[in-house]
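Have a look at the structure below before the remarks.
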Amino acid sequence: MSTLTSPRLTYARLSATNVAAFHALAIDEHIRRYLLDGELVDFAWCDEQLAASDSLFVERSVGIWLAAPAATSDEPLGFCGFIRFPETGPEPQLLYALLPAFTGQGYATEMATALVDYVRVHTTAREIISAVDEPNVASCRVLEKLGFEQTHTSPGAFGQILHFKWKLEPASQHRGR
């Protein structure tokens, strides 16, 4: 599946045609503060993420999407999806990132909800994991709002990394949100 929608957003699968937009998001200071530990990434990193995302779509039917307002679908306001982080193991982790102008408006919750629903319907996964730097209180609230439970902590660049897990009920038991 290359597109996904939610009430206010449309999502386009990361591809060669939008990797420059992904790079523009990834170098934003606000986005890289937590997702990339402040590191400034180059186009080669974005190309690596594109290849990894393509592999995850083949292997698990998940990867990275760019999110844009459904009304315009022009410039992405962030990205979301699943990425493997070598330091935390082989399981892909849920992530979402927004440009600062779009934070505090419920977009992160909308993106995370769309991804959880997508996983429930389009994959055989029965749990989703995510990790958040402890100072990123807003992302912790999003995960908790969706029913994720903190499982453990580990050391990180900004103090503790909080690890979360959510066990999915089968799609036939899902009653909607």
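By order in the structure tokens, chains are A, B, ...; within a chain, residues start at 1; ligands start at 1, following the order shown.
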
Sel. of alpha helix (DSSP H) residues, chain A, as a ChimeraX atom specification: /A:19-26,29-35,43-60,107-122,137-145

For the selection you just gave me, I'd like the residues written to a file as a PDB file, in the first residue's frame, keeping C-alpha atoms.
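Generated output (out-v4.pdb):
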ATOM      1  CA  VAL A  19      12.998  11.607  -0.489  1.00  0.00           C
ATOM      2  CA  ALA A  20      14.104  15.273  -0.781  1.00  0.00           C
ATOM      3  CA  ALA A  21      11.019  16.311   1.206  1.00  0.00           C
ATOM      4  CA  PHE A  22      11.894  13.624   3.768  1.00  0.00           C
ATOM      5  CA  HIS A  23      15.417  15.058   4.016  1.00  0.00           C
ATOM      6  CA  ALA A  24      14.013  18.558   4.581  1.00  0.00           C
ATOM      7  CA  LEU A  25      11.950  17.186   7.462  1.00  0.00           C
ATOM      8  CA  ALA A  26      14.809  15.125   8.903  1.00  0.00           C
ATOM      9  CA  GLU A  29      16.038  21.078  14.345  1.00  0.00           C
ATOM     10  CA  HIS A  30      12.796  20.220  16.157  1.00  0.00           C
ATOM     11  CA  ILE A  31      12.450  16.825  14.450  1.00  0.00           C
ATOM     12  CA  ARG A  32      16.048  15.754  14.819  1.00  0.00           C
ATOM     13  CA  ARG A  33      16.189  16.787  18.472  1.00  0.00           C
ATOM     14  CA  TYR A  34      14.713  13.469  19.630  1.00  0.00           C
ATOM     15  CA  LEU A  35      14.545  11.173  16.633  1.00  0.00           C
ATOM     16  CA  PHE A  43      20.970  12.707   1.657  1.00  0.00           C
ATOM     17  CA  ALA A  44      22.882   9.413   1.918  1.00  0.00           C
ATOM     18  CA  TRP A  45      21.158   8.763   5.276  1.00  0.00           C
ATOM     19  CA  CYS A  46      17.791   9.476   3.682  1.00  0.00           C
ATOM     20  CA  ASP A  47      18.572   7.102   0.820  1.00  0.00           C
ATOM     21  CA  GLU A  48      19.464   4.442   3.420  1.00  0.00           C
ATOM     22  CA  GLN A  49      16.139   5.041   5.173  1.00  0.00           C
ATOM     23  CA  LEU A  50      14.322   4.747   1.846  1.00  0.00           C
ATOM     24  CA  ALA A  51      15.984   1.391   1.172  1.00  0.00           C
ATOM     25  CA  ALA A  52      15.255   0.211   4.728  1.00  0.00           C
ATOM     26  CA  SER A  53      11.642   1.353   4.432  1.00  0.00           C
ATOM     27  CA  ASP A  54      11.229  -0.472   1.116  1.00  0.00           C
ATOM     28  CA  SER A  55      12.639  -3.617   2.747  1.00  0.00           C
ATOM     29  CA  LEU A  56      10.255  -3.300   5.691  1.00  0.00           C
ATOM     30  CA  PHE A  57       7.301  -2.921   3.322  1.00  0.00           C
ATOM     31  CA  VAL A  58       8.325  -6.153   1.585  1.00  0.00           C
ATOM     32  CA  GLU A  59       9.025  -8.002   4.837  1.00  0.00           C
ATOM     33  CA  ARG A  60       6.347  -6.622   7.189  1.00  0.00           C
ATOM     34  CA  TYR A 107      -1.591  15.490  14.511  1.00  0.00           C
ATOM     35  CA  ALA A 108       0.815  13.131  16.294  1.00  0.00           C
ATOM     36  CA  THR A 109      -2.104  11.272  17.865  1.00  0.00           C
ATOM     37  CA  GLU A 110      -3.864  11.141  14.497  1.00  0.00           C
ATOM     38  CA  MET A 111      -0.747   9.778  12.785  1.00  0.00           C
ATOM     39  CA  ALA A 112      -0.082   7.180  15.482  1.00  0.00           C
ATOM     40  CA  THR A 113      -3.735   6.083  15.446  1.00  0.00           C
ATOM     41  CA  ALA A 114      -3.673   5.710  11.651  1.00  0.00           C
ATOM     42  CA  LEU A 115      -0.549   3.562  11.889  1.00  0.00           C
ATOM     43  CA  VAL A 116      -1.932   1.344  14.646  1.00  0.00           C
ATOM     44  CA  ASP A 117      -5.121   0.848  12.643  1.00  0.00           C
ATOM     45  CA  TYR A 118      -3.078   0.120   9.509  1.00  0.00           C
ATOM     46  CA  VAL A 119      -1.008  -2.501  11.346  1.00  0.00           C
ATOM     47  CA  ARG A 120      -4.149  -4.097  12.750  1.00  0.00           C
ATOM     48  CA  VAL A 121      -5.764  -4.440   9.310  1.00  0.00           C
ATOM     49  CA  HIS A 122      -2.836  -4.947   6.925  1.00  0.00           C
ATOM     50  CA  VAL A 137       6.706  14.339  27.246  1.00  0.00           C
ATOM     51  CA  ALA A 138       4.301  15.044  24.369  1.00  0.00           C
ATOM     52  CA  SER A 139       5.222  11.801  22.574  1.00  0.00           C
ATOM     53  CA  CYS A 140       4.877   9.839  25.794  1.00  0.00           C
ATOM     54  CA  ARG A 141       1.361  11.263  26.214  1.00  0.00           C
ATOM     55  CA  VAL A 142       0.437  10.244  22.655  1.00  0.00           C
ATOM     56  CA  LEU A 143       1.497   6.641  23.264  1.00  0.00           C
ATOM     57  CA  GLU A 144      -0.227   6.474  26.643  1.00  0.00           C
ATOM     58  CA  LYS A 145      -3.412   7.947  25.140  1.00  0.00           C
TER      59      LYS A 145
END

Counting only C-alpha atoms, what are the residues of segment 84-121 of chain A within 8 Å of segment 63-77 of chain A, and for each of them which pair of atoms is the nearest and at what distance in Å, to one decimal? Sort the table by chain and rising number, as a tab-separated table.
residue	atom	partner	partner_atom	distance
A:Leu98	CA	A:Leu77	CA	5.9
A:Leu99	CA	A:Leu77	CA	5.7
A:Phe102	CA	A:Leu77	CA	6.9
A:Met111	CA	A:Ala67	CA	8.0

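The environment of segment 159-161 of chain A within 7 Å, counting only C-alpha atoms and disregarding residues fewer than 5 places along the same chain, consists of Ala131, Val132, Asp133, Glu134, Thr153 and Ser154 of chain A.
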
Using the selection just defined, write its residues with C-alpha atoms as a compact mmCIF listing (two decimals), in the first residue's frame.
# COMPACT_ATOMS: atom_id res chain seq x y z
CA ALA A 131 10.73 4.27 22.26
CA VAL A 132 10.77 7.90 23.38
CA ASP A 133 13.41 10.08 24.99
CA GLU A 134 12.20 10.84 28.50
CA THR A 153 14.00 2.13 30.24
CA SER A 154 17.50 2.29 28.80

Spatial neighbours of Ile129 of chain A, 9 Å, only C-alpha atoms, chain gap at least 3 places, as a list of chain:residue names: A:Glu91, A:Pro92, A:Gln93, A:Leu94, A:Phe148, A:His163, A:Phe164, A:Lys165, A:Trp166, A:Lys167

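Closest approach to Arg84 of chain A among A:Val62, A:Leu40, A:Ala157, A:Leu9 is made by A:Val62 (distances from only C-alpha atoms).
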
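A straight line drawn from atom CA of Gly78 of chain A to atom CA of Ala97 of chain A is 5.3 Å long.
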
Have a look at A:Leu168, A:Leu14, A:Leu162, A:Ile27 and name the one nearest to Ile83 of chain A; count only C-alpha atoms. A:Leu14

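Atom CA of Pro100 of chain A sits 21.4 Å away from atom CA of Thr5 of chain A.
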
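As for atom CA of Ala16 of chain A and atom CA of Thr88 of chain A, they are spaced 27.0 Å apart.
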